[in-house]
$ cat target_18.pdb   # PDB, C-alpha atoms
ATOM      1  CA  MET A 137     192.994  13.713 -30.336
ATOM      2  CA  GLN A 138     190.142  15.709 -28.782
ATOM      3  CA  ILE A 139     190.078  19.468 -29.402
ATOM      4  CA  THR A 140     188.741  21.791 -26.733
ATOM      5  CA  ALA A 141     188.035  25.487 -26.924
ATOM      6  CA  ARG A 142     190.818  26.253 -24.434
ATOM      7  CA  GLN A 143     193.616  24.692 -26.476
ATOM      8  CA  PRO A 144     195.473  27.190 -28.724
ATOM      9  CA  VAL A 145     195.702  26.171 -32.375
ATOM     10  CA  GLY A 146     199.493  26.444 -32.375
ATOM     11  CA  LYS A 147     199.760  24.123 -29.400
ATOM     12  CA  LEU A 148     197.453  21.618 -31.080
ATOM     13  CA  LEU A 149     199.508  21.567 -34.282
ATOM     14  CA  ASN A 150     202.698  21.242 -32.271
ATOM     15  CA  SER A 151     201.240  18.333 -30.327
ATOM     16  CA  TYR A 152     200.127  16.631 -33.535
ATOM     17  CA  ALA A 153     203.582  17.042 -35.102
ATOM     18  CA  MET A 154     205.270  15.643 -31.996
ATOM     19  CA  GLY A 155     202.885  12.687 -32.103
ATOM     20  CA  LYS A 156     203.851  11.950 -35.715
ATOM     21  CA  LEU A 157     207.536  12.357 -34.904
ATOM     22  CA  SER A 158     207.201  10.049 -31.938
ATOM     23  CA  PHE A 159     205.596   7.406 -34.167
ATOM     24  CA  MET A 160     208.452   7.590 -36.696
ATOM     25  CA  GLN A 161     211.015   7.369 -33.924
ATOM     26  CA  LYS A 162     209.286   4.269 -32.578
ATOM     27  CA  LEU A 163     209.128   2.798 -36.079
ATOM     28  CA  ARG A 164     212.885   3.169 -36.514
ATOM     29  CA  HIS A 165     213.482   1.408 -33.229
ATOM     30  CA  LYS A 166     211.040  -1.410 -34.028
ATOM     31  CA  LEU A 167     212.398  -2.219 -37.502
ATOM     32  CA  PRO A 168     215.602  -4.279 -37.826
ATOM     33  CA  PRO A 169     218.519  -2.747 -39.754
ATOM     34  CA  PRO A 170     217.945  -3.091 -43.534
ATOM     35  CA  ASN A 171     221.137  -5.107 -44.107
ATOM     36  CA  LEU A 172     219.843  -7.827 -41.764
ATOM     37  CA  LEU A 173     216.584  -8.047 -43.710
ATOM     38  CA  ILE A 174     218.393  -8.300 -47.064
ATOM     39  CA  THR A 175     220.596 -11.080 -45.746
ATOM     40  CA  PHE A 176     217.576 -12.891 -44.275
ATOM     41  CA  GLU A 177     215.709 -12.675 -47.595
ATOM     42  CA  ALA A 178     218.632 -14.218 -49.490
ATOM     43  CA  ALA A 179     219.242 -16.954 -46.907
ATOM     44  CA  GLY A 180     215.542 -17.832 -46.703
ATOM     45  CA  ARG A 181     215.187 -17.966 -50.483
ATOM     46  CA  GLN A 182     218.322 -20.070 -50.973
ATOM     47  CA  LEU A 183     217.855 -22.112 -47.785
ATOM     48  CA  SER A 184     221.613 -22.002 -47.549
ATOM     49  CA  PHE A 185     223.906 -19.601 -45.739
ATOM     50  CA  THR A 186     226.707 -20.514 -48.158
ATOM     51  CA  LYS A 187     224.668 -19.709 -51.281
ATOM     52  CA  ALA A 188     223.352 -16.510 -49.702
ATOM     53  CA  ALA A 189     226.933 -15.475 -48.917
ATOM     54  CA  SER A 190     227.971 -16.071 -52.522
ATOM     55  CA  GLU A 191     224.975 -14.074 -53.801
ATOM     56  CA  LEU A 192     225.683 -11.163 -51.458
ATOM     57  CA  ASN A 193     229.461 -11.357 -51.985
ATOM     58  CA  VAL A 194     230.202 -11.784 -48.275
ATOM     59  CA  SER A 195     231.517 -14.671 -46.175
ATOM     60  CA  ARG A 196     229.337 -17.450 -44.810
ATOM     61  CA  VAL A 197     230.353 -16.384 -41.311
ATOM     62  CA  ALA A 198     229.027 -12.877 -42.006
ATOM     63  CA  VAL A 199     225.675 -14.291 -43.125
ATOM     64  CA  SER A 200     225.449 -16.491 -40.034
ATOM     65  CA  GLN A 201     226.280 -13.562 -37.768
ATOM     66  CA  GLN A 202     223.663 -11.332 -39.357
ATOM     67  CA  ILE A 203     220.977 -14.021 -39.091
ATOM     68  CA  HIS A 204     221.854 -14.464 -35.407
ATOM     69  CA  ALA A 205     221.644 -10.685 -34.948
ATOM     70  CA  LEU A 206     218.210 -10.600 -36.574
ATOM     71  CA  GLU A 207     216.974 -13.469 -34.406
ATOM     72  CA  ARG A 208     218.220 -11.689 -31.278
ATOM     73  CA  PHE A 209     216.498  -8.479 -32.413
ATOM     74  CA  LEU A 210     213.174 -10.302 -32.961
ATOM     75  CA  GLY A 211     213.522 -12.640 -30.008
ATOM     76  CA  VAL A 212     212.522 -15.715 -32.039
ATOM     77  CA  PRO A 213     214.442 -18.322 -34.085
ATOM     78  CA  LEU A 214     213.983 -17.957 -37.832
ATOM     79  CA  PHE A 215     215.977 -20.996 -38.995
ATOM     80  CA  GLU A 216     216.429 -24.559 -37.862
ATOM     81  CA  ARG A 217     220.128 -25.437 -38.135
ATOM     82  CA  LEU A 218     220.480 -28.996 -39.432
ATOM     83  CA  GLN A 219     223.673 -30.965 -39.899
ATOM     84  CA  ARG A 220     224.408 -29.757 -43.431
ATOM     85  CA  SER A 221     221.543 -27.420 -44.209
ATOM     86  CA  VAL A 222     219.080 -24.936 -42.760
ATOM     87  CA  ARG A 223     215.337 -24.543 -43.042
ATOM     88  CA  LEU A 224     212.924 -21.846 -42.014
ATOM     89  CA  THR A 225     210.824 -22.239 -38.901
ATOM     90  CA  ARG A 226     207.089 -21.625 -39.252
ATOM     91  CA  THR A 227     207.618 -18.138 -37.883
ATOM     92  CA  GLY A 228     210.551 -17.716 -40.250
ATOM     93  CA  GLU A 229     208.414 -18.742 -43.239
ATOM     94  CA  ARG A 230     205.763 -16.130 -42.448
ATOM     95  CA  TYR A 231     208.330 -13.431 -41.817
ATOM     96  CA  HIS A 232     210.290 -14.311 -44.957
ATOM     97  CA  ARG A 233     207.154 -14.052 -47.095
ATOM     98  CA  ALA A 234     206.345 -10.603 -45.702
ATOM     99  CA  ILE A 235     209.920  -9.297 -45.973
ATOM    100  CA  SER A 236     210.332 -10.641 -49.523
ATOM    101  CA  GLU A 237     207.177  -8.883 -50.678
ATOM    102  CA  ALA A 238     208.203  -5.618 -49.031
ATOM    103  CA  LEU A 239     211.714  -5.697 -50.515
ATOM    104  CA  GLU A 240     210.346  -6.579 -53.959
ATOM    105  CA  ARG A 241     208.009  -3.575 -53.860
ATOM    106  CA  ALA A 242     210.844  -1.299 -52.782
ATOM    107  CA  LEU A 243     213.067  -2.653 -55.557
ATOM    108  CA  ARG A 244     210.424  -2.244 -58.243
ATOM    109  CA  ALA A 245     209.648   1.314 -57.181
ATOM    110  CA  THR A 246     213.357   2.180 -57.124
ATOM    111  CA  LEU A 247     213.956   0.711 -60.567
ATOM    112  CA  GLU A 248     210.983   2.556 -62.003
ATOM    113  CA  ILE A 249     212.301   5.875 -60.718
ATOM    114  CA  SER A 250     215.948   5.344 -61.583
ATOM    115  CA  ARG A 251     215.509   3.770 -65.008
ATOM    116  CA  ARG A 252     212.340   5.258 -66.434
ATOM    117  CA  SER A 253     211.737   8.652 -64.908
ATOM    118  CA  ASP A 254     213.358  10.422 -67.864
ATOM    119  CA  THR A 255     212.289   8.122 -70.712
ATOM    120  CA  ASN A 256     210.114   9.489 -73.495
ATOM    121  CA  VAL A 257     208.823   6.020 -74.490
ATOM    122  CA  VAL A 258     205.361   5.016 -73.242
ATOM    123  CA  ASN A 259     204.112   1.425 -73.602
ATOM    124  CA  VAL A 260     200.308   1.404 -73.736
ATOM    125  CA  GLY A 261     198.055  -1.639 -73.447
ATOM    126  CA  ALA A 262     194.626  -1.440 -75.100
ATOM    127  CA  THR A 263     191.859  -3.640 -76.471
ATOM    128  CA  PRO A 264     191.594  -3.883 -80.284
ATOM    129  CA  GLY A 265     188.225  -2.118 -80.251
ATOM    130  CA  PHE A 266     189.408   0.810 -78.143
ATOM    131  CA  MET A 267     192.638   1.113 -80.118
ATOM    132  CA  THR A 268     190.973   0.987 -83.542
ATOM    133  CA  TYR A 269     187.853   3.045 -83.026
ATOM    134  CA  TRP A 270     188.639   5.475 -80.197
ATOM    135  CA  LEU A 271     192.367   5.890 -79.709
ATOM    136  CA  SER A 272     193.842   5.778 -83.228
ATOM    137  CA  PRO A 273     191.609   8.538 -84.653
ATOM    138  CA  ARG A 274     192.649  10.854 -81.798
ATOM    139  CA  LEU A 275     196.389  10.197 -81.620
ATOM    140  CA  GLY A 276     197.148  13.190 -83.832
ATOM    141  CA  GLU A 277     195.811  15.444 -81.082
ATOM    142  CA  PHE A 278     198.218  14.003 -78.516
ATOM    143  CA  ARG A 279     201.138  13.997 -80.962
ATOM    144  CA  ALA A 280     200.567  17.693 -81.660
ATOM    145  CA  ILE A 281     200.837  18.468 -77.940
ATOM    146  CA  HIS A 282     203.716  16.064 -77.172
ATOM    147  CA  PRO A 283     205.731  15.458 -80.380
ATOM    148  CA  ASP A 284     208.719  14.254 -78.316
ATOM    149  CA  ILE A 285     206.881  11.298 -76.719
ATOM    150  CA  GLU A 286     207.129   7.931 -78.454
ATOM    151  CA  LEU A 287     204.075   5.681 -78.054
ATOM    152  CA  ARG A 288     204.247   1.899 -78.323
ATOM    153  CA  PHE A 289     200.988  -0.066 -78.247
ATOM    154  CA  ILE A 290     200.330  -3.576 -76.984
ATOM    155  CA  VAL A 291     196.918  -4.471 -78.430
ATOM    156  CA  SER A 292     195.102  -7.503 -77.044
ATOM    157  CA  ASP A 293     191.713  -8.636 -75.796
ATOM    158  CA  SER A 294     193.428 -10.580 -72.994
ATOM    159  CA  ASN A 295     194.092  -8.999 -69.609
ATOM    160  CA  LEU A 296     197.736  -8.040 -69.972
ATOM    161  CA  GLN A 297     199.728  -7.511 -66.794
ATOM    162  CA  PHE A 298     202.102  -4.651 -66.095
ATOM    163  CA  GLU A 299     204.917  -7.197 -66.099
ATOM    164  CA  ASP A 300     204.325  -7.331 -69.877
ATOM    165  CA  ASN A 301     206.348  -4.096 -70.183
ATOM    166  CA  MET A 302     203.316  -1.788 -70.007
ATOM    167  CA  ASP A 303     203.382   1.690 -68.490
ATOM    168  CA  LEU A 304     199.595   2.061 -68.515
ATOM    169  CA  ALA A 305     196.560   0.346 -69.971
ATOM    170  CA  ILE A 306     192.972   0.998 -70.999
ATOM    171  CA  ARG A 307     190.872  -1.990 -69.971
ATOM    172  CA  TYR A 308     187.213  -2.861 -70.316
ATOM    173  CA  GLY A 309     185.448  -4.560 -67.420
ATOM    174  CA  SER A 310     184.738  -4.186 -63.733
ATOM    175  CA  PRO A 311     187.312  -3.215 -61.092
ATOM    176  CA  PRO A 312     189.241  -4.075 -59.078
ATOM    177  CA  PHE A 313     192.094  -4.865 -61.425
ATOM    178  CA  ASP A 314     195.194  -6.529 -59.968
ATOM    179  CA  ASP A 315     198.132  -4.279 -59.060
ATOM    180  CA  ALA A 316     196.535  -1.237 -60.682
ATOM    181  CA  GLU A 317     195.402   2.235 -59.751
ATOM    182  CA  THR A 318     192.106   2.555 -61.632
ATOM    183  CA  THR A 319     190.394   5.631 -63.081
ATOM    184  CA  PHE A 320     186.885   5.352 -64.536
ATOM    185  CA  LEU A 321     186.661   6.735 -68.078
ATOM    186  CA  VAL A 322     183.308   5.959 -69.705
ATOM    187  CA  ARG A 323     180.614   3.311 -69.677
ATOM    188  CA  GLN A 324     179.645   1.384 -72.800
ATOM    189  CA  GLU A 325     176.102   1.469 -74.203
ATOM    190  CA  ILE A 326     174.983  -0.953 -76.919
ATOM    191  CA  SER A 327     171.939  -0.950 -79.214
ATOM    192  CA  PRO A 328     170.952  -2.569 -82.514
ATOM    193  CA  THR A 329     173.074  -0.639 -85.017
ATOM    194  CA  CYS A 330     173.364  -0.748 -88.809
ATOM    195  CA  ALA A 331     174.768   1.213 -91.741
ATOM    196  CA  ASN A 332     172.756   4.221 -92.876
ATOM    197  CA  THR A 333     172.430   2.547 -96.291
ATOM    198  CA  PHE A 334     170.912  -0.622 -94.830
ATOM    199  CA  LEU A 335     167.414   0.859 -94.347
ATOM    200  CA  PRO A 336     165.380   3.556 -96.084
ATOM    201  CA  ALA A 337     165.904   6.974 -94.496
ATOM    202  CA  GLY A 338     163.618   7.660 -91.539
ATOM    203  CA  THR A 339     162.841   3.978 -90.806
ATOM    204  CA  LEU A 340     161.966   3.246 -87.177
ATOM    205  CA  LEU A 341     161.670  -0.405 -86.123
ATOM    206  CA  GLU A 342     160.145  -2.184 -83.160
ATOM    207  CA  PRO A 343     162.271  -4.909 -81.524
ATOM    208  CA  SER A 344     160.149  -7.721 -82.992
ATOM    209  CA  GLU A 345     160.833  -6.481 -86.521
ATOM    210  CA  LEU A 346     164.552  -7.257 -86.120
ATOM    211  CA  LEU A 347     163.726 -10.939 -86.612
ATOM    212  CA  THR A 348     163.206 -10.202 -90.309
ATOM    213  CA  TYR A 349     166.687  -8.694 -90.786
ATOM    214  CA  PRO A 350     170.114 -10.394 -90.773
ATOM    215  CA  LEU A 351     171.950 -10.112 -87.451
ATOM    216  CA  ILE A 352     175.718  -9.960 -86.978
ATOM    217  CA  HIS A 353     176.700 -12.221 -84.090
ATOM    218  CA  LEU A 354     179.829 -11.873 -81.938
ATOM    219  CA  GLU A 355     181.403 -15.015 -80.498
ATOM    220  CA  GLY A 356     184.494 -15.512 -78.377
ATOM    221  CA  PRO A 357     185.619 -14.260 -74.936
ATOM    222  CA  TYR A 358     183.037 -11.475 -74.757
ATOM    223  CA  ASP A 359     180.320 -10.542 -72.281
ATOM    224  CA  GLU A 360     177.161 -12.602 -72.884
ATOM    225  CA  HIS A 361     175.112  -9.404 -72.643
ATOM    226  CA  THR A 362     176.624  -8.347 -75.972
ATOM    227  CA  ARG A 363     175.019 -11.374 -77.674
ATOM    228  CA  TRP A 364     171.804 -11.255 -79.650
ATOM    229  CA  SER A 365     170.377 -14.198 -77.708
ATOM    230  CA  THR A 366     170.415 -12.107 -74.518
ATOM    231  CA  TRP A 367     169.080  -8.934 -76.164
ATOM    232  CA  LEU A 368     166.187 -10.772 -77.842
ATOM    233  CA  ARG A 369     165.327 -12.649 -74.657
ATOM    234  CA  VAL A 370     165.108  -9.369 -72.726
ATOM    235  CA  HIS A 371     162.550  -8.195 -75.306
ATOM    236  CA  GLY A 372     160.557 -11.439 -75.190
ATOM    237  CA  LEU A 373     161.831 -12.700 -78.536
ATOM    238  CA  ASP A 374     163.300 -16.016 -79.646
ATOM    239  CA  LEU A 375     166.641 -16.127 -81.459
ATOM    240  CA  ALA A 376     165.529 -19.308 -83.260
ATOM    241  CA  ARG A 377     163.004 -17.213 -85.217
ATOM    242  CA  ALA A 378     165.627 -14.729 -86.433
ATOM    243  CA  LYS A 379     166.698 -14.512 -90.049
ATOM    244  CA  ALA A 380     170.042 -16.106 -90.942
ATOM    245  CA  GLY A 381     172.971 -13.759 -90.399
ATOM    246  CA  ILE A 382     176.744 -13.922 -90.009
ATOM    247  CA  THR A 383     179.046 -14.617 -87.061
ATOM    248  CA  VAL A 384     182.457 -13.077 -86.313
ATOM    249  CA  ASN A 385     184.871 -13.603 -83.450
ATOM    250  CA  SER A 386     186.353 -10.125 -82.979
ATOM    251  CA  TYR A 387     184.900  -6.735 -82.144
ATOM    252  CA  THR A 388     186.663  -5.012 -85.024
ATOM    253  CA  ASN A 389     185.131  -7.484 -87.515
ATOM    254  CA  LEU A 390     181.742  -6.892 -85.908
ATOM    255  CA  VAL A 391     181.939  -3.133 -86.462
ATOM    256  CA  GLN A 392     183.332  -3.534 -89.958
ATOM    257  CA  ALA A 393     180.502  -5.880 -90.951
ATOM    258  CA  ALA A 394     177.954  -3.335 -89.710
ATOM    259  CA  LEU A 395     179.689  -0.525 -91.623
ATOM    260  CA  GLU A 396     179.548  -2.604 -94.801
ATOM    261  CA  GLY A 397     175.802  -3.140 -94.490
ATOM    262  CA  GLN A 398     175.847  -6.819 -93.538
ATOM    263  CA  GLY A 399     173.075  -6.423 -90.950
ATOM    264  CA  PHE A 400     172.458  -5.297 -87.379
ATOM    265  CA  ALA A 401     175.202  -5.427 -84.715
ATOM    266  CA  LEU A 402     174.955  -4.790 -80.980
ATOM    267  CA  ILE A 403     177.416  -1.899 -80.658
ATOM    268  CA  GLY A 404     177.411   1.697 -79.467
ATOM    269  CA  PRO A 405     179.248   4.504 -77.672
ATOM    270  CA  PRO A 406     181.958   5.244 -76.875
ATOM    271  CA  LEU A 407     183.758   3.155 -79.506
ATOM    272  CA  VAL A 408     181.534   3.898 -82.520
ATOM    273  CA  GLN A 409     180.366   7.340 -81.414
ATOM    274  CA  ARG A 410     182.072   9.094 -84.336
ATOM    275  CA  PHE A 411     180.205   6.864 -86.838
ATOM    276  CA  LEU A 412     176.925   7.624 -85.076
ATOM    277  CA  SER A 413     177.715  11.330 -84.972
ATOM    278  CA  ASN A 414     178.464  11.590 -88.688
ATOM    279  CA  GLY A 415     175.523   9.378 -89.631
ATOM    280  CA  THR A 416     177.533   6.496 -91.095
ATOM    281  CA  LEU A 417     175.890   4.207 -88.524
ATOM    282  CA  ILE A 418     172.342   4.546 -87.214
ATOM    283  CA  GLN A 419     170.342   3.044 -84.336
ATOM    284  CA  PRO A 420     166.784   2.892 -85.722
ATOM    285  CA  VAL A 421     165.212   0.472 -83.209
ATOM    286  CA  ASN A 422     162.720   1.738 -80.644
ATOM    287  CA  ALA A 423     164.431   0.282 -77.579
ATOM    288  CA  ARG A 424     166.525   1.633 -74.726
ATOM    289  CA  PRO A 425     170.267   0.962 -74.989
ATOM    290  CA  ILE A 426     171.819  -1.658 -72.749
ATOM    291  CA  VAL A 427     174.333  -0.101 -70.358
ATOM    292  CA  ARG A 428     177.325  -2.366 -69.902
ATOM    293  CA  HIS A 429     180.702  -2.299 -68.212
ATOM    294  CA  ALA A 430     183.094   0.620 -68.446
ATOM    295  CA  PHE A 431     186.512   1.461 -69.818
ATOM    296  CA  HIS A 432     189.118   2.281 -67.179
ATOM    297  CA  LEU A 433     192.593   3.758 -67.228
ATOM    298  CA  LEU A 434     195.072   1.629 -65.308
ATOM    299  CA  LEU A 435     198.415   2.685 -63.854
ATOM    300  CA  PRO A 436     200.688   0.259 -61.961
ATOM    301  CA  ARG A 437     200.125   0.434 -58.216
ATOM    302  CA  LEU A 438     203.684  -0.451 -57.249
ATOM    303  CA  SER A 439     205.627   2.040 -59.350
ATOM    304  CA  ILE A 440     205.715   5.719 -60.206
ATOM    305  CA  PRO A 441     204.904   6.581 -63.861
ATOM    306  CA  SER A 442     207.436   8.481 -65.926
ATOM    307  CA  ALA A 443     206.652  12.070 -66.878
ATOM    308  CA  ALA A 444     205.800  10.880 -70.397
ATOM    309  CA  ALA A 445     203.462   8.145 -69.150
ATOM    310  CA  GLN A 446     201.773  10.593 -66.792
ATOM    311  CA  ALA A 447     201.280  13.066 -69.649
ATOM    312  CA  PHE A 448     199.585  10.407 -71.773
ATOM    313  CA  ALA A 449     197.441   9.269 -68.835
ATOM    314  CA  ASP A 450     196.357  12.861 -68.149
ATOM    315  CA  TRP A 451     195.457  13.330 -71.828
ATOM    316  CA  ILE A 452     193.319  10.165 -71.831
ATOM    317  CA  LYS A 453     191.504  11.200 -68.653
ATOM    318  CA  GLY A 454     190.951  14.704 -69.971
ATOM    319  CA  SER A 455     189.306  13.311 -73.119
ATOM    320  CA  PHE A 456     186.321  12.080 -71.131
ATOM    321  CA  PRO A 457     183.884  14.195 -69.113
ATOM    322  CA  ALA A 458     184.507  13.961 -65.385
ATOM    323  CA  LYS A 459     181.746  11.873 -63.870
ATOM    324  CA  ARG A 460     181.287   9.294 -61.178
ATOM    325  CA  PRO A 461     181.308   5.686 -62.370
ATOM    326  CA  GLY A 462     178.068   4.835 -60.589
ATOM    327  CA  ILE A 463     177.055   1.330 -59.661
ATOM    328  CA  GLU A 464     178.291  -1.469 -61.876
ATOM    329  CA  GLU A 465     175.425  -3.413 -63.445
ATOM    330  CA  ASP A 466     175.093  -7.073 -62.501
ATOM    331  CA  ASP A 467     176.017  -9.585 -65.148
TER     332      ASP A 467
END

$ encode --input "target_18.pdb" --output "structure tokens"
Amino acid sequence: MQITARQPVGKLLNSYAMGKLSFMQKLRHKLPPPNLLITFEAAGRQLSFTKAASELNVSRVAVSQQIHALERFLGVPLFERLQRSVRLTRTGERYHRAISEALERALRATLEISRRSDTNVVNVGATPGFMTYWLSPRLGEFRAIHPDIELRFIVSDSNLQFEDNMDLAIRYGSPPFDDAETTFLVRQEISPTCANTFLPAGTLLEPSELLTYPLIHLEGPYDEHTRWSTWLRVHGLDLARAKAGITVNSYTNLVQAALEGQGFALIGPPLVQRFLSNGTLIQPVNARPIVRHAFHLLLPRLSIPSAAAQAFADWIKGSFPAKRPGIEEDD
């Protein structure tokens, strides 16, 4: 809509409101009645008017009449009537897929509101590293603010889906994440890290000197940029020349081995920030940290969080400084 100097503001707003109202009126006239769509979804899924009638607790004649009414409304046939069965036309298949998805979203949103809006239980998905080293030490803060909210944690390195009974999740990686509203929290930075007892106080090493110390290797479903082979290659060094070390297959074991003085691990903020801050862990190598992927807060896209889940999500977001996520580094 073009605004000119001669048009009063009130008239413009009125015109805009009428335009919106006109659109909604047209939408109501364009959409078939909801009961016809529900019947069509059942009949198309069952490929049987009789089974759809039984599911909907109506007569087969009623189902047939409603399908005819929907076809008249749309002006196209949706089913092919065979001697003892029915099947969707190509147009019917496309329409059934779209209507099924729309009704499923409406159902899920309705269930979320009606069943969970007042619950005080929040199911949280998190990686073992985030749960152990960032979240657990801070839970007392949240519990002090919200003692009435019960938290249940689903801890896994795999990408859990919201169908796994989660209300929200903290996930490491690069968006987009399926069916999730995503909020950037913090980016991970990793550097050669060891216990403060592993080296004499004040020691500063060059990257090449790491080859003379034991390295703690991480194997498993982790980013290759967290491996020593990649870090050494970036600094022009050969892993084959490194001193024998140890290998673990979980992030928590990696951190624990570093804390116990087993050697150098490629770890860093935000997960081990408290150990770096209190001096338990140190990063004594003269090299810039590697900036990796980020941690994100995920909320389900197709449902509305309960008040308790929203309170926990707000607390998580408020625990990190507000900043833009920036450009994700290439793998």

$ residues_around --input "target_18.pdb" --residues "Val322 (chain A)" --least-positions-apart "3" --cutoff "8 Å" --atoms "all atoms listed in the file" --output "number ranges by chain"
A: 406, 430-432, 456, 461

$ residues_around --input "target_18.pdb" --residues "Leu210 (chain A)" --least-positions-apart "5" --cutoff "12 Å" --atoms "all atoms listed in the file" --output "JSON, numbers by chain"
{"A": [165, 166, 167, 168, 169, 172, 173, 203, 204, 205, 227, 228, 231]}

$ closest_atom_pairs --input "target_18.pdb" --of "region 262-371 of chain A" --to "region 423-428 of chain A" --cutoff "10 Å" --atoms "all atoms listed in the file" --output "Markdown table"
| residue | atom | partner | partner_atom | distance |
| --- | --- | --- | --- | --- |
| A:Tyr308 | CA | A:Arg428 | CA | 9.9 |
| A:Gly309 | CA | A:Arg428 | CA | 8.8 |
| A:Ser310 | CA | A:Arg428 | CA | 9.8 |
| A:Arg323 | CA | A:Arg428 | CA | 6.6 |
| A:Gln324 | CA | A:Arg428 | CA | 5.3 |
| A:Glu325 | CA | A:Val427 | CA | 4.5 |
| A:Ile326 | CA | A:Ile426 | CA | 5.3 |
| A:Ser327 | CA | A:Pro425 | CA | 4.9 |
| A:Pro328 | CA | A:Pro425 | CA | 8.3 |
| A:Leu341 | CA | A:Ala423 | CA | 9.0 |
| A:Glu342 | CA | A:Ala423 | CA | 7.5 |
| A:Pro343 | CA | A:Ala423 | CA | 6.9 |
| A:Asp359 | CA | A:Arg428 | CA | 9.0 |
| A:His361 | CA | A:Arg428 | CA | 7.9 |
| A:Thr362 | CA | A:Arg428 | CA | 8.6 |
| A:Trp367 | CA | A:Ile426 | CA | 8.5 |
| A:His371 | CA | A:Ala423 | CA | 9.0 |

$ closest_residue --input "target_18.pdb" --among "A:Ala401, A:Leu395, A:Val257, A:Ala234" --to "Ala447 (chain A)" --atoms "all atoms listed in the file"
A:Val257

$ closest_residue --input "target_18.pdb" --among "A:Leu206, A:Val212, A:Leu390, A:Leu435" --to "Pro170 (chain A)" --atoms "only C-alpha atoms"
A:Leu206

$ atom_distance --input "target_18.pdb" --atom1 "CA of Gly265 (chain A)" --atom2 "CA of Leu346 (chain A)"
24.9 Å

$ resolve_selection --input "target_18.pdb" --expression "the PyMOL selection byres ((chain A and resi 313) around 12)" --output "list in words"
Asn295, Leu296, Gln297, Phe298, Ala305, Ile306, Arg307, Tyr308, Gly309, Ser310, Pro311, Pro312, Asp314, Asp315, Ala316, Glu317, Thr318, Thr319, Phe320, Phe431, His432, Leu433, Leu434, Leu435, Pro436 and Arg437 of chain A

$ write_last_selection --input "target_18.pdb" --atoms "C-alpha atoms" --output "mmCIF file, keeping the file's coordinate frame"
data_model
loop_
_atom_site.group_PDB
_atom_site.id
_atom_site.type_symbol
_atom_site.label_atom_id
_atom_site.label_comp_id
_atom_site.auth_asym_id
_atom_site.auth_seq_id
_atom_site.Cartn_x
_atom_site.Cartn_y
_atom_site.Cartn_z
ATOM 1 C CA ASN A 295 194.092 -8.999 -69.609
ATOM 2 C CA LEU A 296 197.736 -8.040 -69.972
ATOM 3 C CA GLN A 297 199.728 -7.511 -66.794
ATOM 4 C CA PHE A 298 202.102 -4.651 -66.095
ATOM 5 C CA ALA A 305 196.560 0.346 -69.971
ATOM 6 C CA ILE A 306 192.972 0.998 -70.999
ATOM 7 C CA ARG A 307 190.872 -1.990 -69.971
ATOM 8 C CA TYR A 308 187.213 -2.861 -70.316
ATOM 9 C CA GLY A 309 185.448 -4.560 -67.420
ATOM 10 C CA SER A 310 184.738 -4.186 -63.733
ATOM 11 C CA PRO A 311 187.312 -3.215 -61.092
ATOM 12 C CA PRO A 312 189.241 -4.075 -59.078
ATOM 13 C CA ASP A 314 195.194 -6.529 -59.968
ATOM 14 C CA ASP A 315 198.132 -4.279 -59.060
ATOM 15 C CA ALA A 316 196.535 -1.237 -60.682
ATOM 16 C CA GLU A 317 195.402 2.235 -59.751
ATOM 17 C CA THR A 318 192.106 2.555 -61.632
ATOM 18 C CA THR A 319 190.394 5.631 -63.081
ATOM 19 C CA PHE A 320 186.885 5.352 -64.536
ATOM 20 C CA PHE A 431 186.512 1.461 -69.818
ATOM 21 C CA HIS A 432 189.118 2.281 -67.179
ATOM 22 C CA LEU A 433 192.593 3.758 -67.228
ATOM 23 C CA LEU A 434 195.072 1.629 -65.308
ATOM 24 C CA LEU A 435 198.415 2.685 -63.854
ATOM 25 C CA PRO A 436 200.688 0.259 -61.961
ATOM 26 C CA ARG A 437 200.125 0.434 -58.216
#

$ resolve_selection --input "target_18.pdb" --expression "the PyMOL selection byres ((chain A and resi 445) around 12)" --output "number ranges by chain"
A: 248, 252-261, 282, 285-288, 302-305, 433-436, 439-444, 446-452

$ resolve_selection --input "target_18.pdb" --expression "the PyMOL selection byres ((chain A and resi 373-377) around 12)" --output "PyMOL selection string"
chain A and resi 342-351+353+363-372+378-381

$ axis_aligned_box --input "target_18.pdb" --around "region 336-343 of chain A" --padding-each-side "3 Å" --output "lines of an AutoDock Vina configuration file"
center_x = 163.0
center_y = 1.4
center_z = -88.8
size_x = 11.8
size_y = 18.6
size_z = 20.6

$ residues_around --input "target_18.pdb" --residues "Gln392 (chain A)" --least-positions-apart "6" --cutoff "12 Å" --atoms "all atoms listed in the file" --output "list in words"
Gly265, Thr268, Tyr269, Thr329, Cys330, Ala331, Ile352, Val384, Ser386, Gln398, Gly399, Phe400, Ala401, Ile403, Val408, Phe411, Thr416 and Leu417 of chain A

$ residues_around --input "target_18.pdb" --residues "region 187-189 of chain A" --least-positions-apart "2" --cutoff "12 Å" --atoms "only C-alpha atoms" --output "list in words"
Ile174, Thr175, Phe176, Glu177, Ala178, Ala179, Gly180, Arg181, Gln182, Leu183, Ser184, Phe185, Glu191, Leu192, Asn193, Val194, Ser195, Arg196, Val197, Ala198, Val199, Ser200, Gln201, Gln202, Ile203, Ser221 and Val222 of chain A
